[in-house]
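Visitor: This is the structure I have questions about; it appears just below.
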Amino acid sequence: MKIGVRGHDYGRKTAFELASHIKADGFNCLQLAPTKAILGIEKFNEITAAHLSDIEKAFKDLEISVLGCYIEPSIQDKEQRLANVETFCDNIRHARALGIKIVGTETTRLDPDTPDDIRSESYALLKDSVLRMIEAAERENVFVGIEPVADHVLNTPALARRLLDEVQSNKLKIIFDPVNLVLPDTIFSQIDIFEETFDLLGDQLEVMHIKDVIMENDEKIWRNIGTGDIDYPFIFAWLKENKPNIPLLREGIQPTSAQEDLTAIKSFLE
């Protein structure tokens with residue numbers, strides 16, 4: 001498995017500086033969100049052919065496993081939602097130019113206690129957005145990666161499976177982040193949640209985000225990999241058997257403890 005990071009966790013740098021730091025720390029892939037990570041790119045519509053050329057040259061020895069384009073695909077404001085979708089489609093075209101196979105996003109935040117009628121309406125908006133994104137993905141031969149999050153519109157493995165079934169495109173894939181699928185009051189059911197994820201979504205898992213937390217005062221508190229509450233031995237046992245080539249991207253890395261996290265991830269692979 002390739003082990004990588006989110007580029008912007010190293011701070012905003014030139015593409016060449018960022019690639020150098022990531023390689024020096026021993027990682028071989030990354031998730032790149034240009035507007036968060038690359039100096040001189042503040043907005044997606046500022047990305048030029050020269051920027052793309054620099055990115056391609058800088059990361060020639062690193063795999064950009066995901067082009068990060070986090071949008072709001074489920075908001076009520078139709079004009080803004082469709083503008084967000086167009087931004088995502090622009091990034092699909094950038095991904096094709098750079099040889100990146102997947103563009104990733106989460107869905108819009110939605111409180112777990114949201115009434116069913118509002119949740120259903122939000123899901124319908126999400127589906128409409130994803131169908132538009134998939135049209136571009138199929139033209140450009142790039143995957144759309146959607147990440148389920150427990151306090152977002154796409155909040156459960158079952159709903160993610162429904163989206164896959166209704167969209168019916170092999171260009172729609174799932175980004176798996178175990179921390180984002182649990183809440184402080186569901187952490188003790190994490191094995192059940194992960195088993196459901198693997199049963200319903202396993203064949204469509206394209207990328208994995210790795211971070212670790214403890215639950216304290218109803219909050220998720222950052223920890224180094226393997227020192228928190230997430231049952232990574234269980235997760236990696238499944239990954240090694242079923243998804244041995246999936247990119248593993250450490251989210252929220254602190255460069256001062258990068259080697260500690262890298263060693264922990266490698267230990268789970270042994």
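How things are named: the first chain in the structure tokens is A, the next is B, and so on; residues count from 1 in each chain; ligands count from 1 in the order shown.
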Pick out the residues sitting within 12 Å of Thr186 in chain A, and hand them over as a PyMOL selection string; count only C-alpha atoms, and ignore anything fewer than 3 positions along from it in its own chain.
Guide: chain A and resi 112+150-151+178-183+189-194+215+218+220+229-230
Visitor: Determine, counting only C-alpha atoms, which protein, DNA and RNA residues have an atom within 12 Å of an atom of Val130 in chain A; residues of the same chain fewer than 3 positions away are not included. Present the result as a ChimeraX atom specification.
Guide: /A:71-74,81-82,84-86,88-89,104-107,123-127,133-138,143-146,154,160,163-164,166-169,171-173
Visitor: What lies within 10 Å of Asp203 in chain A using only C-alpha atoms, ignoring chain neighbours under 6 positions off, as a list in words?
Guide: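 So the residues in contact are Lys173, Ile174, Asn242 and Lys243 of chain A.
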Visitor: For a test of reading the model, state the distance in Å between CA of Ile246 in chain A and CA of Thr14 in chain A, rounded to one decimal.
Guide: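 These atoms are spaced 27.2 Å apart.
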Visitor: So which one's closest to Thr227 in chain A, A:Phe198, A:Leu249, A:Ile265, A:Gly4? Using only C-alpha atoms, please.
Guide: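 Of A:Phe198, A:Leu249, A:Ile265, A:Gly4, the one nearest Thr227 in chain A is A:Ile265, counting only C-alpha atoms.
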Visitor: Which of these, A:Glu260, A:Glu42, A:Asp90, A:Glu121, has the shortest distance to Gln76 in chain A once you count only C-alpha atoms?
Guide: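 Closest residue, counting only C-alpha atoms: A:Glu121.
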Visitor: Name the residues of range 193-255 of chain A that come out as alpha helix (DSSP H) in a backbone DSSP run; write them as a ChimeraX atom specification.
Guide: /A:193-201,232-242
Visitor: Selection from above, C-alpha atoms, as a PDB file, in the first residue's frame, can you write it?
Guide:
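File produced: selection11.pdb:
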```
ATOM      1  CA  ILE A 193     -20.023   0.653  11.658  1.00  0.00           C
ATOM      2  CA  PHE A 194     -16.805  -0.489   9.978  1.00  0.00           C
ATOM      3  CA  GLU A 195     -18.202  -3.940   9.232  1.00  0.00           C
ATOM      4  CA  GLU A 196     -21.237  -2.332   7.604  1.00  0.00           C
ATOM      5  CA  THR A 197     -18.914  -0.079   5.614  1.00  0.00           C
ATOM      6  CA  PHE A 198     -16.902  -3.021   4.324  1.00  0.00           C
ATOM      7  CA  ASP A 199     -20.020  -5.112   3.586  1.00  0.00           C
ATOM      8  CA  LEU A 200     -21.883  -2.366   1.708  1.00  0.00           C
ATOM      9  CA  LEU A 201     -19.074  -0.272   0.232  1.00  0.00           C
ATOM     10  CA  TYR A 232      -6.906   0.130  13.357  1.00  0.00           C
ATOM     11  CA  PRO A 233      -5.865  -3.525  13.796  1.00  0.00           C
ATOM     12  CA  PHE A 234      -9.420  -4.498  12.808  1.00  0.00           C
ATOM     13  CA  ILE A 235      -9.459  -2.092   9.861  1.00  0.00           C
ATOM     14  CA  PHE A 236      -6.057  -3.108   8.536  1.00  0.00           C
ATOM     15  CA  ALA A 237      -6.849  -6.804   8.793  1.00  0.00           C
ATOM     16  CA  TRP A 238      -9.673  -6.199   6.315  1.00  0.00           C
ATOM     17  CA  LEU A 239      -7.649  -3.861   4.108  1.00  0.00           C
ATOM     18  CA  LYS A 240      -4.716  -6.236   3.746  1.00  0.00           C
ATOM     19  CA  GLU A 241      -7.023  -9.004   2.579  1.00  0.00           C
ATOM     20  CA  ASN A 242      -9.425  -6.997   0.443  1.00  0.00           C
TER      21      ASN A 242
END
```
Visitor: Do you know which residues are at most 8 Å from Ala264 in chain A counting only C-alpha atoms, after dropping those on the same chain fewer than 3 positions away, and could you put them as a list of chain:residue names?
Guide: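 Residues meeting the cut-off are A:Ile225, A:Gly226, A:Glu260, A:Asp261, A:Ser267, A:Phe268.
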Visitor: For Ile38 in chain A, which residue out of A:Lys211, A:His94, A:Lys13, A:Arg162 is the nearest one, using only C-alpha atoms?
Guide: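 So, comparing all the options, the nearest one is A:Lys13.
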Visitor: Residues within 10 Å of Arg96 in chain A, please, as a VMD selection string. Count only C-alpha atoms; anything in the same chain fewer than 2 positions from it doesn't count.
Guide: chain A and resid 91 to 94 98 to 103 137 139 to 143
Visitor: Please dump the current selection as a PDB file, in the first residue's frame; keep C-alpha atoms.
Guide:
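Saved to result.pdb:
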```pdb
ATOM      1  CA  ASN A  91     -11.113  20.099 -11.056  1.00  0.00           C
ATOM      2  CA  ILE A  92     -12.104  16.921 -12.839  1.00  0.00           C
ATOM      3  CA  ARG A  93     -10.613  18.479 -15.958  1.00  0.00           C
ATOM      4  CA  HIS A  94      -7.480  19.463 -14.014  1.00  0.00           C
ATOM      5  CA  LEU A  98      -2.410  15.872 -14.391  1.00  0.00           C
ATOM      6  CA  GLY A  99      -3.117  12.148 -14.628  1.00  0.00           C
ATOM      7  CA  ILE A 100      -4.852  12.096 -11.218  1.00  0.00           C
ATOM      8  CA  LYS A 101      -7.535   9.455 -11.131  1.00  0.00           C
ATOM      9  CA  ILE A 102      -9.900  10.775  -8.448  1.00  0.00           C
ATOM     10  CA  VAL A 103     -11.287  14.128  -7.297  1.00  0.00           C
ATOM     11  CA  ALA A 137     -16.167  12.390 -14.740  1.00  0.00           C
ATOM     12  CA  ARG A 139     -16.254  12.428 -20.173  1.00  0.00           C
ATOM     13  CA  GLU A 140     -12.803  12.858 -18.648  1.00  0.00           C
ATOM     14  CA  ASN A 141     -12.355   9.264 -17.403  1.00  0.00           C
ATOM     15  CA  VAL A 142     -11.797  10.423 -13.824  1.00  0.00           C
ATOM     16  CA  PHE A 143     -13.416   9.140 -10.618  1.00  0.00           C
TER      17      PHE A 143
END
```
Visitor: Taking only C-alpha atoms into account, name the residue in A:Ser65, A:Asn217, A:Thr263, A:Thr256 that is nearest to Cys29 in chain A.
Guide: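 Distance minimum relative to Cys29 in chain A lands on A:Ser65.
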Visitor: Can you tell me how far CA of Arg6 in chain A sits from CA of Ile22 in chain A, in Å to one decimal?
Guide: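 Taking CA of Arg6 in chain A and CA of Ile22 in chain A, their separation equals 9.5 Å.
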